[in-house]
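*Asks:* See structure-v7.txt below, with compact mmCIF, C-alpha atoms.
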```
# COMPACT_ATOMS: atom_id res chain seq x y z
CA ILE A 1212 -11.56 -1.82 13.84
CA LEU A 1213 -8.43 0.16 13.09
CA ASN A 1214 -9.13 3.25 11.00
CA VAL A 1215 -6.72 5.49 9.11
CA GLU A 1216 -8.19 8.71 7.74
CA GLN A 1217 -6.67 11.08 5.23
CA SER A 1218 -7.80 14.56 4.33
CA PRO A 1219 -8.52 16.12 2.02
CA GLN A 1220 -9.55 13.41 -0.45
CA SER A 1221 -8.40 15.54 -3.35
CA LEU A 1222 -6.58 18.79 -3.84
CA HIS A 1223 -6.05 21.01 -6.87
CA VAL A 1224 -3.29 23.59 -6.63
CA GLN A 1225 -1.32 25.86 -8.94
CA GLU A 1226 2.34 25.32 -9.70
CA GLY A 1227 4.41 27.01 -7.00
CA ASP A 1228 1.79 26.66 -4.26
CA SER A 1229 2.76 24.93 -1.05
CA THR A 1230 0.34 22.37 0.29
CA ASN A 1231 -0.17 19.93 3.12
CA PHE A 1232 -2.28 16.87 3.87
CA THR A 1233 -3.28 15.12 7.07
CA CYS A 1234 -3.22 11.49 8.12
CA SER A 1235 -5.04 10.46 11.33
CA PHE A 1236 -4.49 7.11 12.98
CA PRO A 1237 -5.04 5.38 16.35
CA SER A 1238 -2.66 6.72 18.98
CA SER A 1239 -2.50 3.43 20.89
CA ASN A 1240 -0.11 0.57 20.00
CA PHE A 1241 1.80 2.72 17.57
CA TYR A 1242 4.76 1.16 15.72
CA ALA A 1243 5.28 3.14 12.54
CA LEU A 1244 3.61 5.28 9.92
CA HIS A 1245 4.48 4.99 6.24
CA TRP A 1246 3.96 7.60 3.53
CA TYR A 1247 3.81 6.52 -0.11
CA ARG A 1248 3.48 8.39 -3.37
CA TRP A 1249 1.48 6.58 -6.05
CA GLU A 1250 0.95 7.32 -9.71
CA THR A 1251 -1.58 5.12 -11.49
CA ALA A 1252 -0.03 2.08 -13.23
CA LYS A 1253 3.21 2.55 -11.30
CA SER A 1254 4.49 1.06 -8.05
CA PRO A 1255 3.66 3.03 -4.90
CA GLU A 1256 6.93 4.71 -3.97
CA ALA A 1257 7.96 4.86 -0.34
CA LEU A 1258 8.55 8.43 0.87
CA PHE A 1259 9.01 8.10 4.62
CA VAL A 1260 8.86 5.56 7.42
CA MET A 1261 8.22 7.43 10.66
CA THR A 1262 8.59 5.74 14.00
CA LEU A 1263 9.15 8.26 16.82
CA ASN A 1264 6.89 10.92 18.25
CA GLY A 1265 8.10 14.29 17.02
CA ASP A 1266 9.85 12.80 13.97
CA GLU A 1267 10.39 15.24 11.13
CA LYS A 1268 11.65 13.86 7.83
CA LYS A 1269 12.52 15.59 4.59
CA LYS A 1270 13.11 14.50 1.00
CA GLY A 1271 13.69 17.38 -1.37
CA ARG A 1272 10.62 19.61 -1.30
CA ILE A 1273 8.55 17.06 0.61
CA SER A 1274 8.59 16.79 4.39
CA ALA A 1275 6.53 15.04 7.05
CA THR A 1276 5.92 15.32 10.76
CA LEU A 1277 4.59 12.83 13.26
CA ASN A 1278 2.58 13.17 16.48
CA THR A 1279 1.93 9.73 17.94
CA LYS A 1280 0.32 11.02 21.15
CA GLU A 1281 -2.54 12.65 19.30
CA GLY A 1282 -2.45 10.30 16.32
CA TYR A 1283 -1.69 12.42 13.29
CA SER A 1284 0.95 13.05 10.66
CA TYR A 1285 1.28 15.92 8.20
CA LEU A 1286 2.85 15.76 4.75
CA TYR A 1287 4.03 19.06 3.29
CA ILE A 1288 5.01 19.86 -0.28
CA LYS A 1289 6.80 23.16 -0.78
CA GLY A 1290 6.49 24.87 -4.15
CA SER A 1291 4.38 22.19 -5.86
CA GLN A 1292 5.36 21.17 -9.38
CA PRO A 1293 3.21 19.36 -12.00
CA GLU A 1294 5.33 16.25 -11.50
CA ASP A 1295 4.13 16.13 -7.88
CA SER A 1296 0.67 15.20 -9.15
CA ALA A 1297 -0.07 11.79 -7.65
CA THR A 1298 -2.01 10.10 -4.88
CA TYR A 1299 -0.31 10.35 -1.49
CA LEU A 1300 -1.02 7.42 0.80
CA CYS A 1301 -0.36 7.00 4.48
CA ALA A 1302 -0.36 3.60 6.16
CA PHE A 1303 -0.30 2.61 9.81
CA TYR A 1304 2.06 -0.31 10.38
CA MET A 1305 0.45 -2.94 12.55
CA ILE A 1306 2.77 -5.54 14.05
CA TYR A 1307 1.65 -9.02 15.03
CA ASN A 1308 3.49 -12.20 15.90
CA GLN A 1309 6.35 -12.51 13.37
CA GLY A 1310 4.63 -10.18 11.01
CA GLY A 1311 3.25 -6.80 10.20
CA LYS A 1312 0.77 -5.34 7.78
CA LEU A 1313 -0.03 -1.90 6.48
CA ILE A 1314 -3.42 -0.34 7.15
CA PHE A 1315 -3.92 2.34 4.51
CA GLY A 1316 -5.92 5.52 4.40
CA GLN A 1317 -7.90 6.34 1.26
CA GLY A 1318 -5.24 8.68 0.00
CA THR A 1319 -5.10 12.32 -1.02
CA GLU A 1320 -5.13 12.88 -4.77
CA LEU A 1321 -3.03 15.91 -5.65
CA SER A 1322 -3.28 17.68 -8.98
CA VAL A 1323 -0.81 20.48 -9.72
CA LYS A 1324 -1.66 22.74 -12.66
CA PRO A 1325 1.14 24.49 -14.57
CA GLU B 1193 18.45 -4.53 -8.46
CA ALA B 1194 15.06 -5.51 -9.89
CA GLY B 1195 12.02 -4.39 -7.95
CA VAL B 1196 8.82 -6.29 -7.29
CA THR B 1197 7.24 -7.37 -10.56
CA GLN B 1198 3.68 -8.41 -11.25
CA PHE B 1199 2.05 -10.12 -14.19
CA PRO B 1200 -0.18 -9.38 -15.97
CA SER B 1201 -0.42 -5.61 -15.70
CA HIS B 1202 -4.05 -5.73 -16.73
CA SER B 1203 -6.61 -8.51 -17.01
CA VAL B 1204 -10.17 -8.33 -18.30
CA ILE B 1205 -12.33 -11.41 -17.72
CA GLU B 1206 -15.97 -12.32 -17.55
CA LYS B 1207 -17.84 -13.12 -14.38
CA GLY B 1208 -17.41 -16.78 -13.54
CA GLN B 1209 -14.00 -17.13 -15.18
CA THR B 1210 -10.73 -17.86 -13.40
CA VAL B 1211 -7.74 -15.52 -13.25
CA THR B 1212 -4.28 -16.09 -11.81
CA LEU B 1213 -2.07 -13.19 -10.84
CA ARG B 1214 1.65 -13.59 -10.33
CA CYS B 1215 4.11 -11.70 -8.16
CA ASP B 1216 7.90 -11.93 -8.16
CA PRO B 1217 9.31 -10.31 -5.02
CA ILE B 1218 12.72 -8.71 -4.65
CA SER B 1219 15.33 -11.45 -4.51
CA GLY B 1220 16.11 -12.44 -0.92
CA HIS B 1221 12.91 -11.04 0.54
CA ASP B 1222 11.27 -13.69 2.68
CA ASN B 1223 8.14 -11.63 3.30
CA LEU B 1224 5.55 -11.27 0.58
CA TYR B 1225 2.24 -9.47 0.90
CA TRP B 1226 -0.88 -9.16 -1.25
CA TYR B 1227 -3.08 -6.06 -1.07
CA ARG B 1228 -5.91 -4.81 -3.23
CA ARG B 1229 -7.64 -1.53 -3.95
CA VAL B 1230 -11.20 -1.60 -5.16
CA MET B 1231 -12.57 1.49 -6.89
CA GLY B 1232 -12.65 4.56 -4.68
CA LYS B 1233 -11.59 2.74 -1.54
CA GLU B 1234 -8.39 2.31 0.41
CA ILE B 1235 -5.74 -0.30 -0.30
CA LYS B 1236 -6.56 -3.31 1.88
CA PHE B 1237 -4.33 -6.10 3.15
CA LEU B 1238 -5.13 -9.60 1.89
CA LEU B 1239 -2.38 -11.86 3.22
CA HIS B 1240 1.24 -12.23 4.25
CA PHE B 1241 3.69 -15.02 3.43
CA VAL B 1242 6.91 -15.71 5.28
CA LYS B 1243 8.80 -17.84 2.81
CA GLU B 1244 6.24 -20.43 1.73
CA SER B 1245 4.07 -20.23 4.87
CA LYS B 1246 0.97 -18.12 5.24
CA GLN B 1247 1.59 -15.93 8.28
CA ASP B 1248 -1.69 -14.03 8.14
CA GLU B 1249 -4.53 -14.49 5.69
CA SER B 1250 -7.14 -12.57 7.64
CA GLY B 1251 -7.77 -10.17 4.77
CA MET B 1252 -8.74 -12.76 2.17
CA PRO B 1253 -12.33 -11.93 1.23
CA ASN B 1254 -13.67 -15.48 0.78
CA ASN B 1255 -12.77 -18.95 -0.42
CA ARG B 1256 -12.82 -17.90 -4.07
CA PHE B 1257 -9.35 -16.50 -3.47
CA LEU B 1258 -6.36 -18.83 -3.21
CA ALA B 1259 -2.79 -17.66 -2.72
CA GLU B 1260 0.27 -19.85 -2.99
CA ARG B 1261 4.00 -19.40 -2.70
CA THR B 1262 5.59 -22.73 -3.49
CA GLY B 1263 9.32 -22.80 -2.79
CA GLY B 1264 9.16 -19.43 -1.11
CA THR B 1265 9.95 -17.44 -4.24
CA TYR B 1266 7.19 -16.10 -6.48
CA SER B 1267 3.55 -16.12 -5.46
CA THR B 1268 0.27 -16.57 -7.29
CA LEU B 1269 -3.18 -15.33 -6.38
CA LYS B 1270 -6.02 -17.18 -8.05
CA VAL B 1271 -9.60 -15.95 -8.16
CA GLN B 1272 -12.09 -18.67 -9.04
CA PRO B 1273 -14.81 -17.96 -10.00
CA ALA B 1274 -14.40 -14.22 -10.41
CA GLU B 1275 -17.27 -11.92 -9.43
CA LEU B 1276 -17.94 -8.31 -10.42
CA GLU B 1277 -16.91 -7.02 -6.98
CA ASP B 1278 -13.43 -8.53 -7.43
CA SER B 1279 -12.52 -5.76 -9.88
CA GLY B 1280 -9.71 -3.58 -8.63
CA VAL B 1281 -5.95 -3.23 -8.48
CA TYR B 1282 -4.08 -6.10 -6.83
CA PHE B 1283 -0.72 -5.11 -5.38
CA CYS B 1284 2.09 -7.29 -4.23
CA ALA B 1285 4.79 -6.10 -1.85
CA SER B 1286 7.88 -7.67 -0.33
CA SER B 1287 10.20 -6.94 2.57
CA GLN B 1288 13.36 -8.40 4.05
CA ARG B 1289 12.05 -8.55 7.58
CA ALA B 1290 8.71 -8.21 9.26
CA GLY B 1291 7.79 -7.11 12.73
CA LEU B 1292 10.38 -4.33 12.94
CA ARG B 1293 9.37 -0.70 13.36
CA ASN B 1294 11.28 0.59 10.37
CA ASN B 1295 10.46 -2.33 8.09
CA GLU B 1296 9.85 -1.05 4.57
CA GLN B 1297 7.57 -2.84 2.15
CA PHE B 1298 8.42 -2.47 -1.54
CA PHE B 1299 5.44 -2.52 -3.87
CA GLY B 1300 4.95 -3.78 -7.37
CA PRO B 1301 2.98 -1.78 -9.97
CA GLY B 1302 -0.15 -3.86 -9.42
CA THR B 1303 -2.43 -5.90 -11.66
CA ARG B 1304 -5.60 -4.10 -12.70
CA LEU B 1305 -8.38 -6.71 -12.78
CA THR B 1306 -11.65 -5.93 -14.52
CA VAL B 1307 -14.50 -8.43 -14.20
CA LEU B 1308 -17.33 -7.89 -16.70
```
As a first step, turn the structure in this file into structure tokens.
*Replies:*
Amino acid sequence: ILNVEQSPQSLHVQEGDSTNFTCSFPSSNFYALHWYRWETAKSPEALFVMTLNGDEKKKGRISATLNTKEGYSYLYIKGSQPEDSATYLCAFYMIYNQGGKLIFGQGTELSVKP
Amino acid sequence: EAGVTQFPSHSVIEKGQTVTLRCDPISGHDNLYWYRRVMGKEIKFLLHFVKESKQDESGMPNNRFLAERTGGTYSTLKVQPAELEDSGVYFCASSQRAGLRNNEQFFGPGTRLTVL
């Protein structure tokens, strides 16, 4: 059974703090890792699709790194703002014949207090 | 360009009733996926359509769930009869291609189903 783990489950920080979360996934048969940002009642928003070992991607104050050999990815938020409050989801992309599906972790719920 | 849309946004039904959820993917996307998140757990894959064909339905919980995509455009997911454990958020996603490393799936806002 393929397992994707995220930690911590929830995080409460003050505005201006920098923070990071972890996503662990199987290191074998790796194709891609997706990060999404999700606010309740809205569509999960794609942040990054990471495919190569050592990948580092950045979008504004948010960045992510990938280590496929040891099976983990970090998501960093620099100088958190209240609008960053959301659930951050990682998903391991599993490819099969003519298809692929996302295997999600439980998510890290971030709350940023002003 | 319109994103993935889902209807209804919220549905409250009683145990034993039938509910049909609808998903309209991004125009031109052949691949359509259904996922769901039950309370406190991770989002789980239900099934994958390529056009009107079911490519993978390994995540469908049981035969009370029926998904269709006639004509390869919008899709419906019917739950009949609904049980309490079916409560959760049902997401639909679509993508242009599948099976590629950098394939991105675009999600709808979900339908929140509550079974009383």
*Asks:* Choose the residue, out of A:Phe1241, A:Phe1236, A:Phe1259, A:Tyr1285, that has the smallest atom-to-atom separation from A:Phe1315; count all atoms listed in the file.
*Replies:*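 Nearest to A:Phe1315: A:Phe1236.
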*Asks:* Set the cut-off to 7 Å and count all atoms listed in the file: what are the residues of chain B that reach chain A? Output as a list in words.
*Replies:*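 The contacting residues on chain B are Lys1233, Glu1234, Ile1235, Lys1236, Phe1237, Ala1290, Gly1291, Arg1293, Asn1294, Phe1299, Gly1300, Pro1301 and Gly1302 of chain B.
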*Asks:* Would you pick out the contacts of B:Arg1256 at 9 Å or less, using all atoms listed in the file, so that residues sharing its chain but fewer than 3 positions from it are not included, and give the list as a PyMOL selection string?
*Replies:* chain B and resi 1253+1270-1274
*Asks:* Counting only C-alpha atoms, find the residues whose atoms lie at most 9 Å from (-4.1, -16.4, -9.0) (file coordinates) and write them out as an NGL selection string.
*Replies:* :B and (1210-1214 or 1257-1260 or 1267-1272)
*Asks:* Work out how far atom CA of B:Ser1287 is from atom CA of B:Asp1248, in Å to one decimal.
*Replies:* 14.9 Å
*Asks:* Identify which of the residues B:Phe1199, B:Asn1254, B:Asn1295, B:Thr1265 lies closest to B:Phe1241, counting all atoms listed in the file when measuring atom-to-atom distances.
*Replies:*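 Closest to B:Phe1241, using all atoms listed in the file: B:Thr1265.
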*Asks:* Quick one: distance from atom CA of A:Phe1303 to atom CA of A:Trp1246 in Å, one decimal?
*Replies:*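 According to the coordinates, atom CA of A:Phe1303 and atom CA of A:Trp1246 are separated by 9.1 Å.
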*Asks:* Of the residues A:Gly1282, A:Val1323, A:Asp1266, A:Ser1229, which is the one nearest to A:Asn1214, using only C-alpha atoms?
*Replies:*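 Checking each candidate against A:Asn1214, we get A:Gly1282 as the closest.
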*Asks:* Could you name the residues that touch A:Asn1278 at 6 Å or less, counting all atoms listed in the file, but leaving out those on the same chain fewer than 5 positions away, as a list in words?
*Replies:*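 Answer for this query is Asn1264, Gly1265 and Tyr1283 of chain A.
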*Asks:* Please dump the current selection as a PDB file, in the frame of the given file; keep C-alpha atoms.
*Replies:*
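The resulting file, out-v7.pdb, is shown below:
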```
ATOM      1  CA  ASN A1264       6.890  10.920  18.250  1.00  0.00           C
ATOM      2  CA  GLY A1265       8.100  14.290  17.020  1.00  0.00           C
ATOM      3  CA  TYR A1283      -1.690  12.420  13.290  1.00  0.00           C
TER       4      TYR A1283
END
```
*Asks:* Please indicate the distance in Å from atom CA of A:Ser1221 to atom CA of B:Gln1297, rounded to one decimal place.
*Replies:*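 Here the two named atoms are 25.0 Å from each other.
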*Asks:* Using all atoms listed in the file, collect all residues at a distance of at most 9 Å from (12.4, -10.1, -5.9) as written in the file, then present them as a list in words.
*Replies:* Glu1193, Ala1194, Gly1195, Val1196, Thr1197, Cys1215, Asp1216, Pro1217, Ile1218, Ser1219, Gly1220, His1221, Thr1265, Tyr1266 and Ser1286 of chain B
*Asks:* Pull C-alpha atoms from the residues just selected and write them as a compact mmCIF listing (two decimals), in the coordinates of the input.
*Replies:*
```
# COMPACT_ATOMS: atom_id res chain seq x y z
CA GLU B 1193 18.45 -4.53 -8.46
CA ALA B 1194 15.06 -5.51 -9.89
CA GLY B 1195 12.02 -4.39 -7.95
CA VAL B 1196 8.82 -6.29 -7.29
CA THR B 1197 7.24 -7.37 -10.56
CA CYS B 1215 4.11 -11.70 -8.16
CA ASP B 1216 7.90 -11.93 -8.16
CA PRO B 1217 9.31 -10.31 -5.02
CA ILE B 1218 12.72 -8.71 -4.65
CA SER B 1219 15.33 -11.45 -4.51
CA GLY B 1220 16.11 -12.44 -0.92
CA HIS B 1221 12.91 -11.04 0.54
CA THR B 1265 9.95 -17.44 -4.24
CA TYR B 1266 7.19 -16.10 -6.48
CA SER B 1286 7.88 -7.67 -0.33
```
*Asks:* Have a look at B:Asn1223, B:Thr1306, B:Thr1262, B:Ser1250 and name the one nearest to B:Ala1285; count only C-alpha atoms.
*Replies:*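 Among the listed residues, the smallest separation from B:Ala1285 belongs to B:Asn1223.
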